[in-house]
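Enquirer: Provided below: query-v6.txt, containing compact mmCIF, C-alpha atoms and all ligand atoms.
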# COMPACT_ATOMS: atom_id res chain seq x y z
CA MET A 107 11.41 -9.56 -20.93
CA SER A 108 11.38 -5.94 -19.72
CA LYS A 109 13.61 -4.05 -17.31
CA LEU A 110 11.44 -2.72 -14.46
CA LEU A 111 12.43 0.13 -12.16
CA VAL A 112 10.49 -0.41 -8.91
CA THR A 113 10.50 2.58 -6.56
CA GLY A 114 9.79 1.86 -2.90
CA GLY A 115 10.71 -1.80 -3.44
CA ALA A 116 12.03 -2.17 0.13
CA GLY A 117 8.61 -1.34 1.58
CA PHE A 118 5.62 -3.59 2.25
CA ILE A 119 3.85 -3.78 -1.12
CA GLY A 120 6.96 -3.05 -3.21
CA SER A 121 9.00 -5.92 -1.73
CA ASN A 122 6.11 -8.34 -2.24
CA PHE A 123 5.81 -7.01 -5.82
CA VAL A 124 9.49 -7.74 -6.53
CA ARG A 125 9.05 -11.33 -5.31
CA HIS A 126 5.84 -11.67 -7.36
CA VAL A 127 7.52 -10.39 -10.55
CA LEU A 128 10.59 -12.62 -10.16
CA ALA A 129 8.37 -15.68 -9.56
CA ASN A 130 5.70 -15.00 -12.21
CA SER A 131 7.44 -13.29 -15.16
CA ASP A 132 10.83 -13.05 -16.86
CA HIS A 133 11.19 -9.30 -16.17
CA ALA A 134 14.37 -8.02 -14.48
CA VAL A 135 13.98 -5.63 -11.53
CA THR A 136 15.94 -2.67 -10.17
CA VAL A 137 14.68 -1.30 -6.85
CA LEU A 138 15.16 2.41 -6.06
CA ASP A 139 14.49 3.01 -2.36
CA ALA A 140 15.60 5.66 0.14
CA LEU A 141 15.45 3.17 3.06
CA THR A 142 13.39 5.47 5.28
CA TYR A 143 12.05 4.08 8.59
CA ALA A 144 9.61 2.06 6.37
CA GLY A 145 12.18 0.49 4.03
CA HIS A 146 14.09 -2.69 4.95
CA LEU A 147 16.75 -4.56 3.00
CA SER A 148 15.73 -7.60 5.05
CA SER A 149 12.46 -7.60 3.05
CA LEU A 150 14.51 -8.27 -0.10
CA ALA A 151 16.88 -10.92 1.26
CA ASP A 152 17.81 -13.95 -0.89
CA LEU A 153 16.73 -12.63 -4.31
CA PRO A 154 18.60 -13.86 -7.44
CA SER A 155 21.31 -11.30 -8.38
CA SER A 156 20.96 -12.25 -12.08
CA ARG A 157 17.57 -10.51 -12.28
CA PHE A 158 17.59 -8.17 -9.25
CA ARG A 159 19.57 -5.05 -8.29
CA PHE A 160 19.15 -2.55 -5.43
CA VAL A 161 19.93 1.19 -5.61
CA GLU A 162 19.70 3.30 -2.46
CA GLY A 163 18.41 6.81 -3.22
CA SER A 164 15.42 9.13 -3.27
CA VAL A 165 12.76 9.59 -5.91
CA CYS A 166 13.26 13.33 -5.26
CA ASP A 167 16.86 13.12 -6.63
CA ALA A 168 16.26 14.38 -10.19
CA ALA A 169 19.64 13.33 -11.64
CA LEU A 170 19.51 9.80 -10.19
CA VAL A 171 15.89 9.37 -11.28
CA ASP A 172 16.73 10.55 -14.80
CA ASP A 173 19.59 8.04 -15.17
CA LEU A 174 17.52 5.15 -13.84
CA VAL A 175 14.37 5.87 -15.84
CA ALA A 176 16.50 6.16 -19.01
CA ALA A 177 18.03 2.73 -18.35
CA HIS A 178 14.72 0.87 -17.82
CA ASP A 179 11.64 0.05 -19.93
CA VAL A 180 8.98 0.58 -17.24
CA THR A 181 8.87 2.49 -13.95
CA VAL A 182 6.51 1.13 -11.28
CA HIS A 183 6.11 3.81 -8.63
CA PHE A 184 5.35 2.44 -5.13
CA ALA A 185 7.60 4.77 -3.10
CA ALA A 186 5.62 6.99 -0.75
CA GLU A 187 5.15 8.13 2.78
CA SER A 188 2.20 5.82 3.44
CA HIS A 189 0.87 6.18 6.98
CA ASN A 190 -2.11 8.42 7.77
CA ASP A 191 -1.25 8.85 11.47
CA ASN A 192 2.27 10.08 10.57
CA SER A 193 0.80 12.57 8.10
CA LEU A 194 -1.35 14.05 10.88
CA ARG A 195 1.76 14.56 13.04
CA ASP A 196 4.02 16.00 10.28
CA PRO A 197 2.76 16.34 6.69
CA SER A 198 6.04 17.70 5.31
CA PRO A 199 7.73 14.45 4.10
CA PHE A 200 4.43 13.46 2.46
CA ILE A 201 4.54 16.59 0.30
CA GLN A 202 8.19 15.96 -0.64
CA THR A 203 8.08 12.28 -1.47
CA ASN A 204 4.52 11.87 -2.72
CA LEU A 205 4.26 15.08 -4.76
CA VAL A 206 7.83 16.15 -5.62
CA GLY A 207 9.01 12.54 -6.08
CA THR A 208 6.15 11.77 -8.47
CA PHE A 209 6.90 15.00 -10.36
CA GLU A 210 10.55 13.96 -10.88
CA LEU A 211 9.54 10.51 -12.13
CA LEU A 212 6.95 11.94 -14.54
CA GLU A 213 9.43 14.43 -15.94
CA ALA A 214 11.97 11.65 -16.51
CA ALA A 215 9.31 9.44 -18.14
CA ARG A 216 8.43 12.38 -20.40
CA ARG A 217 12.05 13.05 -21.40
CA HIS A 218 12.75 9.39 -22.20
CA ASP A 219 9.28 8.41 -23.51
CA SER A 220 9.27 5.66 -20.89
CA ARG A 221 6.28 3.60 -19.69
CA TYR A 222 5.15 4.60 -16.17
CA HIS A 223 2.74 2.91 -13.74
CA HIS A 224 1.51 4.86 -10.72
CA VAL A 225 0.46 2.94 -7.60
CA SER A 226 -2.19 4.76 -5.59
CA THR A 227 -4.93 4.30 -3.04
CA ASP A 228 -8.71 4.33 -2.76
CA GLU A 229 -8.33 7.01 -0.05
CA VAL A 230 -8.16 9.67 -2.78
CA TYR A 231 -11.97 9.32 -3.04
CA GLY A 232 -12.59 10.23 0.60
CA ASP A 233 -15.07 8.04 2.47
CA LEU A 234 -18.54 6.54 2.13
CA ALA A 235 -21.31 6.49 4.74
CA LEU A 236 -21.68 3.17 6.58
CA ASN A 237 -25.23 2.71 5.23
CA ASP A 238 -24.41 3.81 1.65
CA PRO A 239 -24.83 0.84 -0.75
CA SER A 240 -22.53 2.40 -3.36
CA ARG A 241 -18.80 1.70 -3.89
CA PHE A 242 -15.94 3.69 -5.46
CA THR A 243 -15.54 3.44 -9.24
CA GLU A 244 -13.08 5.02 -11.69
CA GLN A 245 -15.62 7.88 -12.06
CA THR A 246 -15.90 8.77 -8.34
CA PRO A 247 -14.82 12.41 -7.73
CA TYR A 248 -11.64 12.97 -5.70
CA ASN A 249 -12.29 14.11 -2.10
CA PRO A 250 -9.29 13.25 0.13
CA SER A 251 -9.46 13.69 3.93
CA SER A 252 -5.90 13.50 5.33
CA PRO A 253 -2.53 15.02 4.35
CA TYR A 254 -1.52 11.51 3.19
CA SER A 255 -4.54 11.02 0.94
CA ALA A 256 -4.35 14.63 -0.32
CA SER A 257 -0.72 14.09 -1.36
CA LYS A 258 -1.64 10.85 -3.15
CA ALA A 259 -4.60 12.59 -4.85
CA GLY A 260 -2.29 15.39 -6.03
CA SER A 261 0.19 12.86 -7.42
CA ASP A 262 -2.59 10.99 -9.30
CA LEU A 263 -3.83 14.24 -10.84
CA MET A 264 -0.31 15.08 -12.01
CA VAL A 265 -0.14 11.71 -13.77
CA ARG A 266 -3.43 12.42 -15.56
CA ALA A 267 -2.16 15.86 -16.62
CA TRP A 268 1.18 14.46 -17.88
CA VAL A 269 -0.73 11.88 -19.95
CA ARG A 270 -3.00 14.47 -21.51
CA SER A 271 -0.57 17.37 -21.99
CA PHE A 272 2.67 15.51 -22.78
CA GLY A 273 1.52 12.08 -23.97
CA VAL A 274 3.33 10.23 -21.16
CA ARG A 275 2.53 6.51 -21.46
CA ALA A 276 1.12 6.07 -17.96
CA THR A 277 -1.48 4.01 -16.11
CA ILE A 278 -2.81 4.46 -12.54
CA SER A 279 -4.16 1.92 -10.06
CA ASN A 280 -6.08 2.77 -6.88
CA CYS A 281 -6.18 -0.12 -4.43
CA SER A 282 -7.92 -0.72 -1.11
CA ASN A 283 -6.25 -1.70 2.22
CA ASN A 284 -3.56 -4.38 1.81
CA TYR A 285 -2.54 -7.04 4.33
CA GLY A 286 0.09 -9.78 4.25
CA PRO A 287 3.78 -10.42 5.06
CA TYR A 288 6.40 -7.65 5.44
CA GLN A 289 3.85 -4.95 6.45
CA HIS A 290 5.25 -2.39 8.90
CA VAL A 291 4.05 -2.85 12.50
CA GLU A 292 2.68 0.71 12.51
CA LYS A 293 -0.26 -0.51 10.37
CA PHE A 294 -3.47 -1.83 11.91
CA ILE A 295 -3.27 -5.61 11.35
CA PRO A 296 0.47 -6.18 12.09
CA ARG A 297 0.30 -3.78 15.03
CA GLN A 298 -2.42 -5.84 16.69
CA ILE A 299 -0.80 -9.22 15.88
CA THR A 300 2.57 -8.15 17.31
CA ASN A 301 0.94 -6.53 20.35
CA ILE A 302 -0.80 -9.81 21.15
CA ILE A 303 2.49 -11.72 20.70
CA ASP A 304 4.01 -9.23 23.18
CA GLY A 305 1.13 -9.67 25.66
CA VAL A 306 -0.16 -6.11 25.01
CA ARG A 307 -3.88 -5.48 24.47
CA PRO A 308 -4.77 -4.34 20.89
CA ARG A 309 -5.86 -0.70 20.41
CA LEU A 310 -9.07 0.14 18.55
CA TYR A 311 -9.56 3.75 17.40
CA GLY A 312 -12.94 5.14 18.53
CA ALA A 313 -15.89 2.73 18.34
CA GLY A 314 -14.15 0.66 15.64
CA LEU A 315 -17.09 0.71 13.25
CA ASN A 316 -14.95 2.12 10.40
CA VAL A 317 -14.92 -0.22 7.42
CA ARG A 318 -11.88 -1.09 5.30
CA ASP A 319 -11.97 -3.20 2.09
CA TRP A 320 -9.15 -5.70 2.73
CA ILE A 321 -7.13 -7.31 -0.07
CA HIS A 322 -4.13 -9.65 0.17
CA VAL A 323 -0.95 -7.95 -1.08
CA ASP A 324 -0.32 -10.72 -3.67
CA ASP A 325 -3.73 -10.07 -5.25
CA HIS A 326 -2.90 -6.35 -5.47
CA ASN A 327 0.46 -7.11 -7.05
CA ALA A 328 -0.96 -9.60 -9.58
CA ALA A 329 -3.31 -6.82 -10.71
CA VAL A 330 -0.45 -4.29 -10.99
CA LEU A 331 1.60 -6.73 -13.11
CA GLY A 332 -1.46 -7.32 -15.32
CA ILE A 333 -1.93 -3.57 -15.83
CA ILE A 334 1.76 -3.12 -16.71
CA ASP A 335 1.62 -5.96 -19.25
CA ARG A 336 -1.89 -5.45 -20.67
CA GLY A 337 -3.47 -2.22 -19.32
CA ARG A 338 -4.58 0.55 -21.68
CA ILE A 339 -2.37 3.67 -21.64
CA GLY A 340 -3.97 6.65 -19.91
CA GLU A 341 -6.45 4.50 -17.96
CA THR A 342 -7.14 4.19 -14.23
CA TYR A 343 -7.97 0.78 -12.73
CA LEU A 344 -9.48 0.27 -9.28
CA ILE A 345 -8.20 -2.81 -7.40
CA GLY A 346 -10.26 -4.44 -4.65
CA ALA A 347 -11.34 -7.95 -3.62
CA ASP A 348 -14.80 -7.42 -2.03
CA GLY A 349 -13.24 -7.63 1.45
CA GLU A 350 -15.24 -5.15 3.55
CA HIS A 351 -14.92 -5.63 7.34
CA ASN A 352 -15.16 -3.16 10.20
CA ASN A 353 -12.13 -2.72 12.47
CA LYS A 354 -13.87 -4.17 15.52
CA THR A 355 -14.63 -7.41 13.64
CA VAL A 356 -11.02 -7.63 12.41
CA ILE A 357 -9.58 -7.22 15.94
CA GLU A 358 -12.00 -9.83 17.31
CA GLU A 359 -11.04 -12.25 14.52
CA ILE A 360 -7.29 -11.77 15.16
CA LEU A 361 -7.86 -12.38 18.90
CA ARG A 362 -9.90 -15.52 18.15
CA ILE A 363 -7.28 -16.98 15.77
CA MET A 364 -4.54 -16.21 18.35
CA GLY A 365 -6.46 -18.02 21.11
CA GLN A 366 -7.44 -14.91 23.14
CA PRO A 367 -10.85 -13.78 24.47
CA ALA A 368 -12.67 -11.77 21.74
CA ASP A 369 -13.05 -8.74 24.05
CA ALA A 370 -9.37 -8.52 25.12
CA TYR A 371 -8.76 -5.12 23.48
CA ASP A 372 -9.01 -1.42 24.46
CA HIS A 373 -10.73 1.52 22.80
CA VAL A 374 -8.44 4.56 22.41
CA ASP A 375 -8.99 8.12 21.10
CA ASP A 376 -10.23 8.24 17.53
CA ARG A 377 -8.01 9.37 14.63
CA PRO A 378 -8.83 13.01 13.71
CA GLY A 379 -10.80 13.12 10.43
CA HIS A 380 -11.02 9.29 10.47
CA ASP A 381 -12.55 8.04 7.19
CA LEU A 382 -15.65 5.93 7.83
CA ARG A 383 -15.73 3.45 4.98
CA TYR A 384 -13.83 2.53 1.81
CA ALA A 385 -15.30 0.13 -0.77
CA ILE A 386 -14.03 -0.71 -4.27
CA ASP A 387 -15.95 -1.78 -7.36
CA ALA A 388 -13.27 -3.59 -9.42
CA THR A 389 -15.55 -4.48 -12.37
CA LYS A 390 -13.31 -2.75 -14.95
CA LEU A 391 -10.20 -4.66 -13.83
CA ARG A 392 -12.08 -7.97 -13.77
CA GLU A 393 -13.75 -7.50 -17.17
CA GLU A 394 -10.87 -5.90 -19.13
CA LEU A 395 -7.90 -7.81 -17.73
CA GLY A 396 -9.60 -10.97 -16.41
CA TRP A 397 -8.09 -10.42 -12.95
CA ARG A 398 -9.51 -12.46 -10.03
CA PRO A 399 -8.34 -12.46 -6.37
CA ARG A 400 -6.75 -15.71 -5.22
CA TYR A 401 -7.16 -14.91 -1.50
CA SER A 402 -10.96 -14.71 -1.44
CA ASP A 403 -11.28 -16.00 2.16
CA PHE A 404 -10.19 -13.18 4.51
CA GLU A 405 -10.08 -15.40 7.61
CA SER A 406 -7.59 -17.84 6.09
CA GLY A 407 -5.51 -14.96 4.63
CA LEU A 408 -5.46 -13.43 8.11
CA ALA A 409 -4.44 -16.74 9.71
CA MET A 410 -1.54 -17.08 7.20
CA THR A 411 -0.46 -13.52 7.99
CA ILE A 412 -0.55 -14.19 11.76
CA ASN A 413 1.65 -17.27 11.19
CA TRP A 414 4.09 -15.19 9.15
CA TYR A 415 4.51 -12.66 12.02
CA ARG A 416 4.86 -15.50 14.54
CA GLU A 417 7.62 -17.09 12.42
CA ASN A 418 9.43 -13.87 11.44
CA GLU A 419 9.93 -12.02 14.71
CA GLY A 420 13.52 -11.26 13.63
CA TRP A 421 12.11 -9.13 10.79
CA TRP A 422 9.67 -6.98 12.82
CA ARG A 423 11.23 -6.87 16.30
CA PRO A 424 13.77 -4.08 15.45
CA MET A 425 10.93 -1.64 14.55
CA LYS A 426 8.42 -2.52 17.29
CA ALA A 427 9.56 -0.46 20.30
CA SER A 428 10.12 2.80 18.40
CA THR A 429 6.73 2.42 16.68
CA GLU A 430 4.92 2.00 20.00
CA GLN A 431 6.84 4.96 21.51
CA ALA A 432 5.60 7.16 18.64
CA TYR A 433 2.03 5.93 19.19
CA ALA A 434 2.28 6.62 22.92
CA LYS A 435 3.13 10.27 22.14
CA MET A 436 -0.02 10.50 19.96
CA GLY A 437 -2.15 9.02 22.77
CA HIS A 438 -2.87 5.89 20.69
P1 LIG B 501 5.55 1.43 2.91
O1 LIG B 501 5.53 2.62 3.79
O2 LIG B 501 5.58 0.06 3.52
O3 LIG B 501 6.82 1.51 1.93
C1 LIG B 501 7.21 2.70 1.32
C2 LIG B 501 8.62 2.50 0.74
O4 LIG B 501 8.99 3.72 0.03
C3 LIG B 501 9.69 2.27 1.80
O5 LIG B 501 10.57 1.23 1.40
C4 LIG B 501 10.45 3.59 1.87
O6 LIG B 501 11.82 3.46 2.24
C5 LIG B 501 10.31 4.08 0.43
N1 LIG B 501 10.45 5.54 0.30
C6 LIG B 501 9.86 6.50 1.06
N2 LIG B 501 10.26 7.72 0.65
C7 LIG B 501 11.09 7.52 -0.41
C8 LIG B 501 11.81 8.39 -1.27
N3 LIG B 501 11.76 9.72 -1.14
N4 LIG B 501 12.54 7.85 -2.28
C9 LIG B 501 12.62 6.50 -2.43
N5 LIG B 501 11.97 5.64 -1.62
C10 LIG B 501 11.22 6.14 -0.63
O7 LIG B 501 4.30 1.61 1.93
P2 LIG B 501 3.32 0.51 1.29
O8 LIG B 501 2.23 0.24 2.23
O9 LIG B 501 4.13 -0.59 0.73
O10 LIG B 501 2.70 1.38 0.09
C11 LIG B 501 3.33 1.38 -1.19
C12 LIG B 501 2.48 2.20 -2.15
O11 LIG B 501 1.19 1.64 -2.26
C13 LIG B 501 2.27 3.65 -1.71
O12 LIG B 501 2.34 4.48 -2.86
C14 LIG B 501 0.88 3.66 -1.11
O13 LIG B 501 0.28 4.93 -1.25
C15 LIG B 501 0.20 2.63 -1.99
N6 LIG B 501 -0.94 1.93 -1.37
C16 LIG B 501 -0.81 1.31 -0.16
C17 LIG B 501 -1.88 0.60 0.37
C18 LIG B 501 -1.77 -0.13 1.70
O14 LIG B 501 -2.76 -0.68 2.17
N7 LIG B 501 -0.60 -0.19 2.33
C19 LIG B 501 -3.10 0.55 -0.32
C20 LIG B 501 -3.19 1.19 -1.56
C21 LIG B 501 -2.11 1.86 -2.08
O1 LIG B 502 -3.83 0.83 16.19
C1 LIG B 502 -4.68 1.08 15.33
N1 LIG B 502 -6.01 0.97 15.65
C2 LIG B 502 -7.01 1.22 14.75
O2 LIG B 502 -8.20 1.11 15.10
C3 LIG B 502 -4.33 1.46 13.97
C4 LIG B 502 -2.89 1.60 13.58
C5 LIG B 502 -5.35 1.69 13.08
N2 LIG B 502 -6.66 1.59 13.44
C6 LIG B 502 -7.72 1.79 12.44
C7 LIG B 502 -7.62 3.03 11.58
C8 LIG B 502 -8.21 2.57 10.26
O3 LIG B 502 -9.63 2.69 10.29
O4 LIG B 502 -7.60 0.68 11.52
C9 LIG B 502 -7.88 1.09 10.18
C10 LIG B 502 -6.66 0.79 9.31
O5 LIG B 502 -5.63 1.68 9.72
P1 LIG B 502 -4.21 1.75 8.94
O6 LIG B 502 -3.57 0.42 8.93
O7 LIG B 502 -3.46 2.91 9.50
O8 LIG B 502 -4.68 2.01 7.43
P2 LIG B 502 -5.52 3.18 6.71
O9 LIG B 502 -5.43 4.47 7.44
O10 LIG B 502 -6.87 2.63 6.38
O11 LIG B 502 -4.64 3.33 5.34
C11 LIG B 502 -4.10 2.15 4.69
O12 LIG B 502 -4.85 1.81 3.56
C12 LIG B 502 -4.79 2.67 2.47
C13 LIG B 502 -2.64 2.38 4.30
O13 LIG B 502 -1.88 2.74 5.45
C14 LIG B 502 -2.52 3.42 3.22
O14 LIG B 502 -1.17 3.53 2.80
C15 LIG B 502 -3.37 3.00 2.05
O15 LIG B 502 -3.38 4.01 1.09
What does the file become when written as structure tokens?
Ligand code: NAD
Ligand code: TDX

Expert:
Amino acid sequence: MSKLLVTGGAGFIGSNFVRHVLANSDHAVTVLDALTYAGHLSSLADLPSSRFRFVEGSVCDAALVDDLVAAHDVTVHFAAESHNDNSLRDPSPFIQTNLVGTFELLEAARRHDSRYHHVSTDEVYGDLALNDPSRFTEQTPYNPSSPYSASKAGSDLMVRAWVRSFGVRATISNCSNNYGPYQHVEKFIPRQITNIIDGVRPRLYGAGLNVRDWIHVDDHNAAVLGIIDRGRIGETYLIGADGEHNNKTVIEEILRIMGQPADAYDHVDDRPGHDLRYAIDATKLREELGWRPRYSDFESGLAMTINWYRENEGWWRPMKASTEQAYAKMGH
């Protein structure tokens, strides 16, 4: 049994991770989360107080981070500003949380010789051409496109430097696009599902031919737990479930499952600098740690996710109107 400090545990992937850890291991969990617009205590409702504790605060608060890292065996760092469109409007919080916050955690891990796992994204590699047969591997050079992905790339590179220069016992994972319950309605899949529930036509950026490599959040989190328990120190592991689909196909599939005509959506202005395609080769994770995705059928994973949003309107309704107002200002 280890004591895990989970930063960003009130967000989408972090809250699912906490549930996954409590259900599949005997580790105890403390969440550190600043409860920004993206963090919700309602995502952590009904967890057993014997193994779970919540601390409200920022990963940029050096003194708080130092105390918490010292009191735990492993830090799992999910906290981030995570949305590309927001980073195009105002990059400043991305620099603070994603770079300065990671710096504070690494310094605390160094001082206390504490195990650290860094959760990152495949977007650090930039994008692939639509007709390129290759996929990202652990050797792909970094080439980020947006302020969000640049801040994540910078944080990954700090982790590598702290491993090499100071011997920090760290691992990194870079995962593809997640979907599942508790995802903020600003993100593509929940935005479209909740628009359809509200009788609003889904919005497709540009022609919609951009490809994302979708993975269910539980498969991502099972891989992260495997890396924490059995990963090699200093290593990077790519996480992906062979789930490439273009955005147009995903919107049409959501419309079909929700009983709407497949063409009942609108094209809107494209995202500036919009990455064309992400694709992950997860051979290292599969061969070294024996990880396999459980949600290998995207359509049924999508149908389960649609049901979750239908049944949990009380969770997402409070954030829907303000999210759509922000999109309206961006012309999306
Ligand atoms: P999210 O936006 O849903 O959640 C982020 C959480 O971090 C929120 O609870 C927020 O309150 C918290 N937070 C923000 N700033 C903070 C600060 N300064 N101090 C403490 N807490 C703070 O994000 P997500 O989609 O769950 O992503 C989690 C992590 O996974 C991020 O590091 C992201 O880069 C990475 N990732 C996400 C995806 C994806 O598809 N969503 C894919 C790969 C990697
Ligand atoms: O309304 C929309 N219409 C649309 O066509 C929205 C919100 C998005 N899109 C497109 C843009 C992308 O090609 O859908 C795709 C997915 O968009 P997002 O959900 O914003 O995700 P993306 O930009 O791909 O980044 C996500 O995956 C990698 C997460 O937000 C990141 O945190 C993660 O690192």

Enquirer: List as CSV every residue of chain A that is in contact with ligand LIG 501 (chain B), defined as an atom at most 7 Å from one of its atoms (using only C-alpha atoms and all ligand atoms), together with the nearest atom pair and the distance in Å rounded to one decimal, sorted by chain and then rising number.

Expert:
residue,atom,partner,partner_atom,distance
A:Thr113,CA,B:LIG501,N5,6.0
A:Gly114,CA,B:LIG501,O4,3.6
A:Gly115,CA,B:LIG501,O5,5.7
A:Ala116,CA,B:LIG501,O5,3.9
A:Gly117,CA,B:LIG501,O5,3.2
A:Phe118,CA,B:LIG501,O9,3.7
A:Ile119,CA,B:LIG501,O9,3.7
A:Gly120,CA,B:LIG501,O9,5.4
A:Leu138,CA,B:LIG501,C9,6.0
A:Asp139,CA,B:LIG501,N5,3.7
A:Ala140,CA,B:LIG501,C9,4.0
A:Leu141,CA,B:LIG501,O6,3.7
A:Thr142,CA,B:LIG501,O6,4.0
A:Tyr143,CA,B:LIG501,O6,6.4
A:Ala144,CA,B:LIG501,C3,4.6
A:Gly145,CA,B:LIG501,O5,3.2
A:His146,CA,B:LIG501,O5,6.4
A:Gly163,CA,B:LIG501,C9,5.9
A:Ser164,CA,B:LIG501,N4,3.3
A:Val165,CA,B:LIG501,N4,4.0
A:Cys166,CA,B:LIG501,N3,5.7
A:His183,CA,B:LIG501,O12,6.9
A:Phe184,CA,B:LIG501,C12,4.1
A:Ala185,CA,B:LIG501,O4,3.6
A:Ala186,CA,B:LIG501,C6,4.6
A:Glu187,CA,B:LIG501,C6,5.3
A:Ser188,CA,B:LIG501,O1,4.6
A:His189,CA,B:LIG501,O1,6.7
A:Thr203,CA,B:LIG501,N3,4.5
A:Gly207,CA,B:LIG501,N3,6.3
A:Val225,CA,B:LIG501,O12,5.3
A:Ser226,CA,B:LIG501,C21,4.6
A:Thr227,CA,B:LIG501,C21,3.9
A:Asp228,CA,B:LIG501,C20,6.5
A:Lys258,CA,B:LIG501,O13,6.5
A:Asn280,CA,B:LIG501,C20,6.3
A:Cys281,CA,B:LIG501,C20,4.3
A:Ser282,CA,B:LIG501,C19,5.0
A:Asn283,CA,B:LIG501,O14,3.6
A:Asn284,CA,B:LIG501,O14,3.8
A:Tyr285,CA,B:LIG501,O14,6.7
A:Gln289,CA,B:LIG501,O2,6.1
A:His290,CA,B:LIG501,O2,5.9

Enquirer: For Lys109 (chain A), which residue out of A:Ser149, A:Ser121, A:Asn316, A:Ser220 is the nearest one, using all atoms listed in the file?

Expert: A:Ser220

Enquirer: What does the list of residues within 9 Å of ligand LIG 502 (chain B) look like if you count all atoms listed in the file, written as a ChimeraX atom specification?

Expert: /A:186-191,226-230,254-255,258,280-285,291-298,308-320,352-354,357,373-374,376-377,380-384,433,438

Enquirer: Next, the residues of the selection above should be written as a PDB file, in the frame of the given file with C-alpha atoms.

Expert:
ATOM      1  CA  ALA A 186       5.620   6.990  -0.750  1.00  0.00           C
ATOM      2  CA  GLU A 187       5.150   8.130   2.780  1.00  0.00           C
ATOM      3  CA  SER A 188       2.200   5.820   3.440  1.00  0.00           C
ATOM      4  CA  HIS A 189       0.870   6.180   6.980  1.00  0.00           C
ATOM      5  CA  ASN A 190      -2.110   8.420   7.770  1.00  0.00           C
ATOM      6  CA  ASP A 191      -1.250   8.850  11.470  1.00  0.00           C
ATOM      7  CA  SER A 226      -2.190   4.760  -5.590  1.00  0.00           C
ATOM      8  CA  THR A 227      -4.930   4.300  -3.040  1.00  0.00           C
ATOM      9  CA  ASP A 228      -8.710   4.330  -2.760  1.00  0.00           C
ATOM     10  CA  GLU A 229      -8.330   7.010  -0.050  1.00  0.00           C
ATOM     11  CA  VAL A 230      -8.160   9.670  -2.780  1.00  0.00           C
ATOM     12  CA  TYR A 254      -1.520  11.510   3.190  1.00  0.00           C
ATOM     13  CA  SER A 255      -4.540  11.020   0.940  1.00  0.00           C
ATOM     14  CA  LYS A 258      -1.640  10.850  -3.150  1.00  0.00           C
ATOM     15  CA  ASN A 280      -6.080   2.770  -6.880  1.00  0.00           C
ATOM     16  CA  CYS A 281      -6.180  -0.120  -4.430  1.00  0.00           C
ATOM     17  CA  SER A 282      -7.920  -0.720  -1.110  1.00  0.00           C
ATOM     18  CA  ASN A 283      -6.250  -1.700   2.220  1.00  0.00           C
ATOM     19  CA  ASN A 284      -3.560  -4.380   1.810  1.00  0.00           C
ATOM     20  CA  TYR A 285      -2.540  -7.040   4.330  1.00  0.00           C
ATOM     21  CA  VAL A 291       4.050  -2.850  12.500  1.00  0.00           C
ATOM     22  CA  GLU A 292       2.680   0.710  12.510  1.00  0.00           C
ATOM     23  CA  LYS A 293      -0.260  -0.510  10.370  1.00  0.00           C
ATOM     24  CA  PHE A 294      -3.470  -1.830  11.910  1.00  0.00           C
ATOM     25  CA  ILE A 295      -3.270  -5.610  11.350  1.00  0.00           C
ATOM     26  CA  PRO A 296       0.470  -6.180  12.090  1.00  0.00           C
ATOM     27  CA  ARG A 297       0.300  -3.780  15.030  1.00  0.00           C
ATOM     28  CA  GLN A 298      -2.420  -5.840  16.690  1.00  0.00           C
ATOM     29  CA  PRO A 308      -4.770  -4.340  20.890  1.00  0.00           C
ATOM     30  CA  ARG A 309      -5.860  -0.700  20.410  1.00  0.00           C
ATOM     31  CA  LEU A 310      -9.070   0.140  18.550  1.00  0.00           C
ATOM     32  CA  TYR A 311      -9.560   3.750  17.400  1.00  0.00           C
ATOM     33  CA  GLY A 312     -12.940   5.140  18.530  1.00  0.00           C
ATOM     34  CA  ALA A 313     -15.890   2.730  18.340  1.00  0.00           C
ATOM     35  CA  GLY A 314     -14.150   0.660  15.640  1.00  0.00           C
ATOM     36  CA  LEU A 315     -17.090   0.710  13.250  1.00  0.00           C
ATOM     37  CA  ASN A 316     -14.950   2.120  10.400  1.00  0.00           C
ATOM     38  CA  VAL A 317     -14.920  -0.220   7.420  1.00  0.00           C
ATOM     39  CA  ARG A 318     -11.880  -1.090   5.300  1.00  0.00           C
ATOM     40  CA  ASP A 319     -11.970  -3.200   2.090  1.00  0.00           C
ATOM     41  CA  TRP A 320      -9.150  -5.700   2.730  1.00  0.00           C
ATOM     42  CA  ASN A 352     -15.160  -3.160  10.200  1.00  0.00           C
ATOM     43  CA  ASN A 353     -12.130  -2.720  12.470  1.00  0.00           C
ATOM     44  CA  LYS A 354     -13.870  -4.170  15.520  1.00  0.00           C
ATOM     45  CA  ILE A 357      -9.580  -7.220  15.940  1.00  0.00           C
ATOM     46  CA  HIS A 373     -10.730   1.520  22.800  1.00  0.00           C
ATOM     47  CA  VAL A 374      -8.440   4.560  22.410  1.00  0.00           C
ATOM     48  CA  ASP A 376     -10.230   8.240  17.530  1.00  0.00           C
ATOM     49  CA  ARG A 377      -8.010   9.370  14.630  1.00  0.00           C
ATOM     50  CA  HIS A 380     -11.020   9.290  10.470  1.00  0.00           C
ATOM     51  CA  ASP A 381     -12.550   8.040   7.190  1.00  0.00           C
ATOM     52  CA  LEU A 382     -15.650   5.930   7.830  1.00  0.00           C
ATOM     53  CA  ARG A 383     -15.730   3.450   4.980  1.00  0.00           C
ATOM     54  CA  TYR A 384     -13.830   2.530   1.810  1.00  0.00           C
ATOM     55  CA  TYR A 433       2.030   5.930  19.190  1.00  0.00           C
ATOM     56  CA  HIS A 438      -2.870   5.890  20.690  1.00  0.00           C
TER      57      HIS A 438
END
